[in-house]
>>> print(open('target02.cif').read())   # mmCIF, C-alpha atoms
data_work
#
loop_
_atom_site.group_PDB
_atom_site.id
_atom_site.type_symbol
_atom_site.label_atom_id
_atom_site.label_comp_id
_atom_site.auth_asym_id
_atom_site.auth_seq_id
_atom_site.Cartn_x
_atom_site.Cartn_y
_atom_site.Cartn_z
ATOM 1 C CA MET A 1 -0.481 -24.813 12.735
ATOM 2 C CA LYS A 2 -3.622 -22.989 11.661
ATOM 3 C CA PRO A 3 -4.370 -22.881 7.923
ATOM 4 C CA PHE A 4 -3.024 -20.130 5.702
ATOM 5 C CA VAL A 5 -5.536 -17.834 4.001
ATOM 6 C CA ALA A 6 -4.702 -16.209 0.670
ATOM 7 C CA PHE A 7 -5.978 -12.646 0.241
ATOM 8 C CA SER A 8 -5.815 -10.229 -2.667
ATOM 9 C CA GLY A 9 -5.711 -6.457 -2.396
ATOM 10 C CA ALA A 10 -6.391 -5.068 -5.882
ATOM 11 C CA GLY A 11 -4.362 -7.886 -7.406
ATOM 12 C CA ASN A 12 -1.609 -7.789 -4.779
ATOM 13 C CA ASP A 13 -1.691 -11.338 -3.378
ATOM 14 C CA PHE A 14 -0.635 -12.391 0.120
ATOM 15 C CA VAL A 15 -0.615 -15.457 2.329
ATOM 16 C CA LEU A 16 -1.874 -14.702 5.855
ATOM 17 C CA LEU A 17 -1.599 -16.678 9.075
ATOM 18 C CA ASP A 18 -3.362 -16.176 12.397
ATOM 19 C CA GLY A 19 -0.317 -16.290 14.665
ATOM 20 C CA ARG A 20 -2.123 -15.669 17.960
ATOM 21 C CA GLY A 21 -1.102 -18.439 20.311
ATOM 22 C CA GLU A 22 0.894 -20.151 17.547
ATOM 23 C CA GLU A 23 4.599 -20.941 17.483
ATOM 24 C CA TYR A 24 5.470 -19.416 14.141
ATOM 25 C CA ALA A 25 9.152 -18.542 14.714
ATOM 26 C CA PRO A 26 10.408 -21.067 12.101
ATOM 27 C CA LEU A 27 8.211 -19.310 9.543
ATOM 28 C CA LEU A 28 10.197 -16.091 9.997
ATOM 29 C CA GLU A 29 13.358 -17.570 8.486
ATOM 30 C CA ALA A 30 14.044 -16.012 5.091
ATOM 31 C CA ALA A 31 14.275 -19.406 3.390
ATOM 32 C CA GLU A 32 10.872 -20.438 4.763
ATOM 33 C CA VAL A 33 9.250 -17.159 3.703
ATOM 34 C CA GLN A 34 10.710 -17.659 0.225
ATOM 35 C CA ARG A 35 9.383 -21.217 0.094
ATOM 36 C CA VAL A 36 5.839 -20.264 1.119
ATOM 37 C CA CYS A 37 5.647 -17.329 -1.291
ATOM 38 C CA ARG A 38 7.126 -19.362 -4.124
ATOM 39 C CA GLU A 39 4.851 -22.353 -3.511
ATOM 40 C CA TRP A 40 1.680 -20.246 -3.423
ATOM 41 C CA LYS A 41 2.846 -17.619 -5.944
ATOM 42 C CA THR A 42 2.134 -14.635 -3.686
ATOM 43 C CA ASP A 43 3.620 -11.159 -3.285
ATOM 44 C CA GLY A 44 4.239 -11.566 0.417
ATOM 45 C CA LEU A 45 3.561 -13.310 3.717
ATOM 46 C CA MET A 46 1.774 -11.696 6.663
ATOM 47 C CA ILE A 47 1.243 -12.873 10.220
ATOM 48 C CA LEU A 48 -1.483 -11.480 12.465
ATOM 49 C CA ASP A 49 -0.167 -11.598 16.033
ATOM 50 C CA LEU A 50 -1.296 -10.514 19.478
ATOM 51 C CA PRO A 51 -0.987 -6.766 20.147
ATOM 52 C CA ARG A 52 2.071 -5.366 21.899
ATOM 53 C CA VAL A 53 1.122 -1.678 21.916
ATOM 54 C CA ALA A 54 -1.586 -0.403 24.281
ATOM 55 C CA GLY A 55 -4.758 0.581 22.476
ATOM 56 C CA THR A 56 -4.160 -1.669 19.463
ATOM 57 C CA ASP A 57 -6.107 -4.763 18.425
ATOM 58 C CA PHE A 58 -3.344 -6.815 16.770
ATOM 59 C CA ARG A 59 0.130 -6.661 15.263
ATOM 60 C CA MET A 60 0.980 -7.049 11.569
ATOM 61 C CA LEU A 61 4.209 -8.757 10.503
ATOM 62 C CA PHE A 62 4.978 -8.417 6.791
ATOM 63 C CA PHE A 63 7.586 -10.182 4.625
ATOM 64 C CA ASN A 64 8.481 -9.865 0.953
ATOM 65 C CA PRO A 65 8.937 -12.992 -1.200
ATOM 66 C CA ASP A 66 12.735 -12.673 -0.813
ATOM 67 C CA GLY A 67 12.360 -12.964 2.972
ATOM 68 C CA SER A 68 12.981 -9.298 3.765
ATOM 69 C CA GLY A 69 10.705 -7.445 6.157
ATOM 70 C CA GLY A 70 10.528 -4.299 8.237
ATOM 71 C CA MET A 71 8.356 -2.233 5.892
ATOM 72 C CA MET A 72 4.695 -1.279 5.538
ATOM 73 C CA CYS A 73 2.422 -2.651 2.825
ATOM 74 C CA GLY A 74 -0.729 -0.676 2.017
ATOM 75 C CA ASN A 75 -2.614 -3.422 0.208
ATOM 76 C CA GLY A 76 -1.455 -5.842 2.884
ATOM 77 C CA GLY A 77 -2.753 -3.529 5.593
ATOM 78 C CA ARG A 78 -6.227 -3.581 4.069
ATOM 79 C CA CYS A 79 -6.089 -7.363 3.689
ATOM 80 C CA ILE A 80 -5.024 -7.995 7.274
ATOM 81 C CA ALA A 81 -7.841 -5.749 8.532
ATOM 82 C CA ALA A 82 -10.325 -7.759 6.458
ATOM 83 C CA TYR A 83 -8.738 -10.945 7.829
ATOM 84 C CA ALA A 84 -9.166 -9.658 11.401
ATOM 85 C CA ASP A 85 -12.832 -9.020 10.639
ATOM 86 C CA LYS A 86 -13.197 -12.536 9.221
ATOM 87 C CA LEU A 87 -11.621 -13.956 12.390
ATOM 88 C CA GLY A 88 -14.080 -11.983 14.517
ATOM 89 C CA ILE A 89 -11.393 -10.007 16.346
ATOM 90 C CA ALA A 90 -12.951 -7.301 18.491
ATOM 91 C CA ALA A 91 -12.059 -3.793 17.328
ATOM 92 C CA CYS A 92 -11.145 -0.776 19.417
ATOM 93 C CA ALA A 93 -14.004 1.161 17.845
ATOM 94 C CA GLN A 94 -16.949 0.816 15.499
ATOM 95 C CA GLN A 95 -18.453 2.974 12.799
ATOM 96 C CA ASN A 96 -21.877 2.267 11.307
ATOM 97 C CA GLY A 97 -21.791 -1.119 13.010
ATOM 98 C CA LEU A 98 -18.514 -2.117 11.349
ATOM 99 C CA PRO A 99 -15.101 -2.465 13.014
ATOM 100 C CA VAL A 100 -12.401 0.196 13.050
ATOM 101 C CA TYR A 101 -9.142 -1.558 13.888
ATOM 102 C CA ARG A 102 -5.930 -0.122 15.263
ATOM 103 C CA PHE A 103 -2.877 -2.252 14.618
ATOM 104 C CA GLU A 104 0.883 -2.095 14.904
ATOM 105 C CA ALA A 105 2.851 -2.346 11.658
ATOM 106 C CA PRO A 106 6.591 -2.017 10.979
ATOM 107 C CA ASP A 107 6.265 1.750 10.434
ATOM 108 C CA GLY A 108 4.005 2.457 13.413
ATOM 109 C CA VAL A 109 0.332 2.256 14.408
ATOM 110 C CA HIS A 110 -2.354 2.355 11.711
ATOM 111 C CA GLU A 111 -6.139 2.616 11.775
ATOM 112 C CA ALA A 112 -8.244 0.580 9.349
ATOM 113 C CA ALA A 113 -11.997 1.079 9.010
ATOM 114 C CA VAL A 114 -14.028 -1.703 7.400
ATOM 115 C CA LEU A 115 -16.500 0.162 5.189
ATOM 116 C CA SER A 116 -18.269 -2.889 3.749
ATOM 117 C CA ARG A 117 -18.188 -6.664 3.917
ATOM 118 C CA PRO A 118 -18.516 -9.244 1.106
ATOM 119 C CA CYS A 119 -22.011 -9.734 -0.267
ATOM 120 C CA PRO A 120 -23.555 -11.566 -3.254
ATOM 121 C CA ASP A 121 -22.919 -8.531 -5.451
ATOM 122 C CA CYS A 122 -19.334 -7.924 -4.301
ATOM 123 C CA PRO A 123 -16.911 -10.599 -3.033
ATOM 124 C CA ALA A 124 -14.568 -8.112 -1.368
ATOM 125 C CA TRP A 125 -14.311 -6.061 1.788
ATOM 126 C CA THR A 126 -13.766 -2.329 1.311
ATOM 127 C CA VAL A 127 -11.243 -0.979 3.803
ATOM 128 C CA ARG A 128 -10.143 2.588 4.502
ATOM 129 C CA LEU A 129 -6.572 2.425 5.795
ATOM 130 C CA GLY A 130 -4.718 5.247 7.518
ATOM 131 C CA MET A 131 -1.155 5.647 6.248
ATOM 132 C CA LYS A 132 1.815 7.494 7.744
ATOM 133 C CA ASP A 133 2.211 11.246 7.313
ATOM 134 C CA VAL A 134 4.705 12.267 4.649
ATOM 135 C CA THR A 135 6.972 15.110 5.716
ATOM 136 C CA SER A 136 8.854 15.720 2.477
ATOM 137 C CA VAL A 137 9.433 14.667 -1.103
ATOM 138 C CA GLU A 138 12.762 14.907 -2.920
ATOM 139 C CA ARG A 139 12.651 16.013 -6.535
ATOM 140 C CA LEU A 140 15.306 14.141 -8.446
ATOM 141 C CA GLN A 141 16.210 14.023 -12.095
ATOM 142 C CA GLU A 142 14.585 10.587 -12.267
ATOM 143 C CA GLY A 143 11.359 11.496 -10.461
ATOM 144 C CA PHE A 144 9.882 12.139 -7.006
ATOM 145 C CA PHE A 145 11.385 10.227 -4.071
ATOM 146 C CA LEU A 146 9.368 9.817 -0.856
ATOM 147 C CA ASP A 147 8.605 7.403 1.963
ATOM 148 C CA THR A 148 4.997 6.299 2.530
ATOM 149 C CA GLY A 149 5.941 3.476 4.889
ATOM 150 C CA THR A 150 8.199 2.081 2.169
ATOM 151 C CA ARG A 151 10.567 4.037 -0.064
ATOM 152 C CA HIS A 152 9.259 4.927 -3.531
ATOM 153 C CA LEU A 153 10.527 6.689 -6.624
ATOM 154 C CA VAL A 154 7.571 8.007 -8.660
ATOM 155 C CA VAL A 155 8.256 8.567 -12.365
ATOM 156 C CA PHE A 156 5.684 10.328 -14.565
ATOM 157 C CA VAL A 157 5.586 9.030 -18.141
ATOM 158 C CA HIS A 158 3.523 9.679 -21.254
ATOM 159 C CA ASP A 159 2.024 6.178 -21.465
ATOM 160 C CA VAL A 160 2.562 3.717 -18.643
ATOM 161 C CA ASP A 161 1.476 0.801 -20.855
ATOM 162 C CA LYS A 162 4.518 1.312 -23.062
ATOM 163 C CA VAL A 163 7.060 1.192 -20.216
ATOM 164 C CA ASP A 164 9.183 -1.935 -19.804
ATOM 165 C CA VAL A 165 8.658 -2.003 -16.048
ATOM 166 C CA ALA A 166 10.841 -5.072 -15.503
ATOM 167 C CA VAL A 167 13.853 -3.484 -17.172
ATOM 168 C CA ARG A 168 13.467 0.195 -16.311
ATOM 169 C CA GLY A 169 12.218 -0.505 -12.799
ATOM 170 C CA ARG A 170 15.197 -2.718 -12.029
ATOM 171 C CA GLN A 171 17.601 -0.074 -13.328
ATOM 172 C CA LEU A 172 16.135 2.663 -11.145
ATOM 173 C CA ARG A 173 15.690 0.393 -8.120
ATOM 174 C CA HIS A 174 19.461 -0.255 -8.087
ATOM 175 C CA LEU A 175 20.725 3.305 -8.646
ATOM 176 C CA PRO A 176 23.640 4.065 -6.292
ATOM 177 C CA ARG A 177 21.773 7.037 -4.779
ATOM 178 C CA PHE A 178 19.241 4.583 -3.270
ATOM 179 C CA ALA A 179 21.795 2.038 -1.991
ATOM 180 C CA PRO A 180 21.987 -0.001 0.112
ATOM 181 C CA VAL A 181 18.250 -0.234 0.867
ATOM 182 C CA GLY A 182 17.036 0.403 -2.678
ATOM 183 C CA THR A 183 13.606 1.717 -3.612
ATOM 184 C CA ASN A 184 10.329 0.687 -5.196
ATOM 185 C CA VAL A 185 9.646 2.381 -8.517
ATOM 186 C CA ASP A 186 6.219 3.603 -9.652
ATOM 187 C CA PHE A 187 5.479 4.626 -13.242
ATOM 188 C CA VAL A 188 2.459 6.921 -13.571
ATOM 189 C CA SER A 189 0.611 8.360 -16.562
ATOM 190 C CA PHE A 190 -2.635 10.321 -16.710
ATOM 191 C CA HIS A 191 -5.459 9.381 -19.056
ATOM 192 C CA GLU A 192 -9.082 10.394 -19.477
ATOM 193 C CA ASP A 193 -10.216 7.781 -16.953
ATOM 194 C CA GLY A 194 -7.638 8.634 -14.284
ATOM 195 C CA LEU A 195 -4.076 8.116 -13.121
ATOM 196 C CA HIS A 196 -2.668 4.723 -14.134
ATOM 197 C CA VAL A 197 0.080 3.236 -11.969
ATOM 198 C CA ARG A 198 2.494 0.339 -12.488
ATOM 199 C CA THR A 199 5.005 -0.616 -9.792
ATOM 200 C CA PHE A 200 8.312 -2.458 -9.660
ATOM 201 C CA GLU A 201 8.646 -3.736 -6.093
ATOM 202 C CA LYS A 202 11.939 -4.445 -4.394
ATOM 203 C CA GLY A 203 11.789 -7.689 -2.472
ATOM 204 C CA VAL A 204 9.500 -9.052 -5.162
ATOM 205 C CA GLU A 205 12.080 -7.913 -7.754
ATOM 206 C CA GLY A 206 9.466 -7.498 -10.424
ATOM 207 C CA GLU A 207 6.176 -5.840 -11.280
ATOM 208 C CA THR A 208 3.167 -6.477 -9.070
ATOM 209 C CA LEU A 209 -0.450 -5.901 -10.053
ATOM 210 C CA ALA A 210 -0.808 -3.273 -7.332
ATOM 211 C CA CYS A 211 1.165 -1.651 -4.519
ATOM 212 C CA GLY A 212 -0.658 0.259 -1.794
ATOM 213 C CA THR A 213 2.279 2.358 -0.584
ATOM 214 C CA GLY A 214 3.101 2.969 -4.258
ATOM 215 C CA ILE A 215 -0.440 4.110 -5.064
ATOM 216 C CA THR A 216 -0.205 6.429 -2.049
ATOM 217 C CA ALA A 217 3.202 7.753 -3.106
ATOM 218 C CA SER A 218 1.916 8.299 -6.651
ATOM 219 C CA ALA A 219 -1.010 10.392 -5.419
ATOM 220 C CA ILE A 220 1.181 12.607 -3.242
ATOM 221 C CA ALA A 221 3.723 12.955 -6.053
ATOM 222 C CA ALA A 222 0.883 13.857 -8.445
ATOM 223 C CA PHE A 223 -0.052 16.748 -6.194
ATOM 224 C CA GLU A 224 3.576 17.880 -6.070
ATOM 225 C CA TYR A 225 3.815 17.516 -9.847
ATOM 226 C CA GLY A 226 0.789 19.765 -10.253
ATOM 227 C CA ILE A 227 -1.943 17.370 -11.353
ATOM 228 C CA PRO A 228 -5.243 18.772 -9.999
ATOM 229 C CA PRO A 229 -6.893 16.560 -7.389
ATOM 230 C CA GLU A 230 -9.662 14.365 -8.816
ATOM 231 C CA SER A 231 -8.748 15.519 -12.321
ATOM 232 C CA CYS A 232 -6.186 14.266 -14.812
ATOM 233 C CA GLU A 233 -7.101 16.536 -17.684
ATOM 234 C CA SER A 234 -4.319 19.102 -17.349
ATOM 235 C CA ILE A 235 -1.077 19.772 -15.528
ATOM 236 C CA VAL A 236 -0.855 22.818 -13.268
ATOM 237 C CA PRO A 237 2.609 24.100 -12.299
ATOM 238 C CA PRO A 238 3.337 23.016 -8.720
ATOM 239 C CA ASP A 239 4.036 26.608 -7.604
ATOM 240 C CA CYS A 240 0.851 28.092 -9.041
ATOM 241 C CA GLY A 241 -0.871 28.499 -5.671
ATOM 242 C CA MET A 242 -3.747 26.264 -6.732
ATOM 243 C CA LEU A 243 -4.561 25.601 -3.089
ATOM 244 C CA ASP A 244 -3.978 28.349 -0.602
ATOM 245 C CA GLY A 245 -4.062 26.663 2.780
ATOM 246 C CA PRO A 246 -4.649 23.409 4.641
ATOM 247 C CA GLU A 247 -7.154 21.500 2.535
ATOM 248 C CA ARG A 248 -8.282 17.913 2.010
ATOM 249 C CA VAL A 249 -7.569 16.575 -1.458
ATOM 250 C CA GLY A 250 -8.109 13.216 -3.126
ATOM 251 C CA TYR A 251 -7.020 11.224 -6.144
ATOM 252 C CA GLU A 252 -8.432 8.093 -7.730
ATOM 253 C CA LEU A 253 -5.752 5.838 -9.148
ATOM 254 C CA ILE A 254 -5.981 2.733 -11.313
ATOM 255 C CA ALA A 255 -3.789 -0.309 -10.644
ATOM 256 C CA ARG A 256 -2.548 -2.741 -13.272
ATOM 257 C CA ARG A 257 -5.586 -5.025 -13.523
ATOM 258 C CA GLY A 258 -8.043 -2.106 -13.438
ATOM 259 C CA ASP A 259 -8.825 -1.848 -9.715
ATOM 260 C CA ARG A 260 -9.562 1.705 -8.580
ATOM 261 C CA LEU A 261 -8.137 2.951 -5.292
ATOM 262 C CA LYS A 262 -8.690 6.282 -3.557
ATOM 263 C CA VAL A 263 -6.007 8.288 -1.759
ATOM 264 C CA GLU A 264 -6.936 11.314 0.357
ATOM 265 C CA PHE A 265 -4.727 13.599 2.425
ATOM 266 C CA ASP A 266 -4.438 17.080 3.954
ATOM 267 C CA VAL A 267 -2.060 19.444 2.164
ATOM 268 C CA HIS A 268 -0.313 22.616 3.240
ATOM 269 C CA ALA A 269 -0.446 21.563 6.892
ATOM 270 C CA GLU A 270 2.398 23.142 8.836
ATOM 271 C CA GLY A 271 5.594 21.100 8.735
ATOM 272 C CA VAL A 272 4.027 18.173 6.863
ATOM 273 C CA LEU A 273 3.636 17.624 3.136
ATOM 274 C CA ALA A 274 0.696 15.205 3.431
ATOM 275 C CA ARG A 275 -1.136 14.623 6.700
ATOM 276 C CA ASN A 276 -3.976 12.257 7.642
ATOM 277 C CA VAL A 277 -3.287 10.124 4.585
ATOM 278 C CA VAL A 278 -5.827 7.370 3.866
ATOM 279 C CA LEU A 279 -5.942 4.657 1.221
ATOM 280 C CA THR A 280 -9.302 3.072 0.353
ATOM 281 C CA GLY A 281 -9.691 -0.076 -1.706
ATOM 282 C CA PRO A 282 -10.740 -3.733 -1.861
ATOM 283 C CA ALA A 283 -9.535 -6.836 -0.036
ATOM 284 C CA GLU A 284 -10.823 -10.303 -0.866
ATOM 285 C CA ILE A 285 -10.153 -13.930 -0.016
ATOM 286 C CA ARG A 286 -8.662 -16.017 -2.818
ATOM 287 C CA PHE A 287 -8.553 -19.400 -1.088
ATOM 288 C CA VAL A 288 -7.762 -21.212 2.195
ATOM 289 C CA ILE A 289 -4.645 -23.387 2.254
#
>>> encode(input="target02.cif", output="structure tokens")
Amino acid sequence: MKPFVAFSGAGNDFVLLDGRGEEYAPLLEAAEVQRVCREWKTDGLMILDLPRVAGTDFRMLFFNPDGSGGMMCGNGGRCIAAYADKLGIAACAQQNGLPVYRFEAPDGVHEAAVLSRPCPDCPAWTVRLGMKDVTSVERLQEGFFLDTGTRHLVVFVHDVDKVDVAVRGRQLRHLPRFAPVGTNVDFVSFHEDGLHVRTFEKGVEGETLACGTGITASAIAAFEYGIPPESCESIVPPDCGMLDGPERVGYELIARRGDRLKVEFDVHAEGVLARNVVLTGPAEIRFVI
């Protein structure tokens, strides 16, 4: 079997395998996924496989450390695009001489544009990843509930650094209203330097240093909450008519170890809460196994 490669997306660590032409079926067993993730202390396992959908360059299989799969991972999506670039996989398109990949993920087809490659001054790729459209958000007593490829509950707090994410996240993740699937839980607070996000991830069953679908959910929830795009200085009531029609907005969010990620989306598009959603951030190799 080909060697594993460990990637990090803003502190979210994954083991990746080039599964093209490989017999990797035994690796899909939950116990084997658990073993690999436990042995290499990662937040998930991904396999890059041959494409099945016309017009795509590869297929992404994603598994949580508990062996569960069937969901999208935003940081993982950026990492697997960087991995495809490292492997020299031909892309469906190019932009500024860099590949723009289309790949199949558990929640549908995504597009990932490599904006920059590693260099002496920066060890990471920068990847702009298209995420799924979000049609609605449910306002609950606990927070904002939405699906960005994975289910998330976004909770706005005064100071995210003072939240016991392990305890409070587990409590909210297991609320009966979210059973039997459960939900990830994102705690968000706004400071002078931006929106800070901490995430409790189901499947990991603990806090991770970053979560791409959670960062995306937090940005969309911030707009619904009334936080002005690209500003965290004041809260505007969500019904104030701040934006009067379809418009592109963006937020910069800060993950646990300080990585900054950008989320952009169209708002007030007919029938969709957030359309043409993109997540931009780093992806870097940690080591080869």
>>> closest_residue(input="target02.cif", among="A:Gly226, A:Gly108, A:Gly130, A:Pro123", to="Gly9 of chain A", atoms="all atoms listed in the file")
A:Pro123
>>> residues_near_point(input="target02.cif", point="(-4.1, -1.8, -8.2)", cutoff="10 Å", atoms="all atoms listed in the file", output="number ranges by chain")
A: 9-12, 75, 196-199, 208-212, 214-215, 253-261, 281-282
>>> resolve_selection(input="target02.cif", expression="the PyMOL selection byres ((chain A and resi 160) around 9)", output="PyMOL selection string")
chain A and resi 156-159+161-165+187-190+196-198
>>> write_last_selection(input="target02.cif", atoms="C-alpha atoms", output="CSV table (one decimal), keeping the file's coordinate frame")
chain,number,residue,atom,x,y,z
A,156,PHE,CA,5.7,10.3,-14.6
A,157,VAL,CA,5.6,9.0,-18.1
A,158,HIS,CA,3.5,9.7,-21.3
A,159,ASP,CA,2.0,6.2,-21.5
A,161,ASP,CA,1.5,0.8,-20.9
A,162,LYS,CA,4.5,1.3,-23.1
A,163,VAL,CA,7.1,1.2,-20.2
A,164,ASP,CA,9.2,-1.9,-19.8
A,165,VAL,CA,8.7,-2.0,-16.0
A,187,PHE,CA,5.5,4.6,-13.2
A,188,VAL,CA,2.5,6.9,-13.6
A,189,SER,CA,0.6,8.4,-16.6
A,190,PHE,CA,-2.6,10.3,-16.7
A,196,HIS,CA,-2.7,4.7,-14.1
A,197,VAL,CA,0.1,3.2,-12.0
A,198,ARG,CA,2.5,0.3,-12.5
>>> closest_residue(input="target02.cif", among="A:Gly206, A:Pro180, A:Gly149, A:Gly21", to="Met131 of chain A", atoms="all atoms listed in the file")
A:Gly149
>>> atom_distance(input="target02.cif", atom1="atom CA of Glu29 of chain A", atom2="atom CA of Phe62 of chain A")
12.5 Å
>>> atom_distance(input="target02.cif", atom1="atom CA of Leu48 of chain A", atom2="atom CA of Arg286 of chain A")
17.5 Å
>>> resolve_selection(input="target02.cif", expression="the PyMOL selection byres ((chain A and resi 273) around 6)", output="PyMOL selection string")
chain A and resi 134-136+272+274
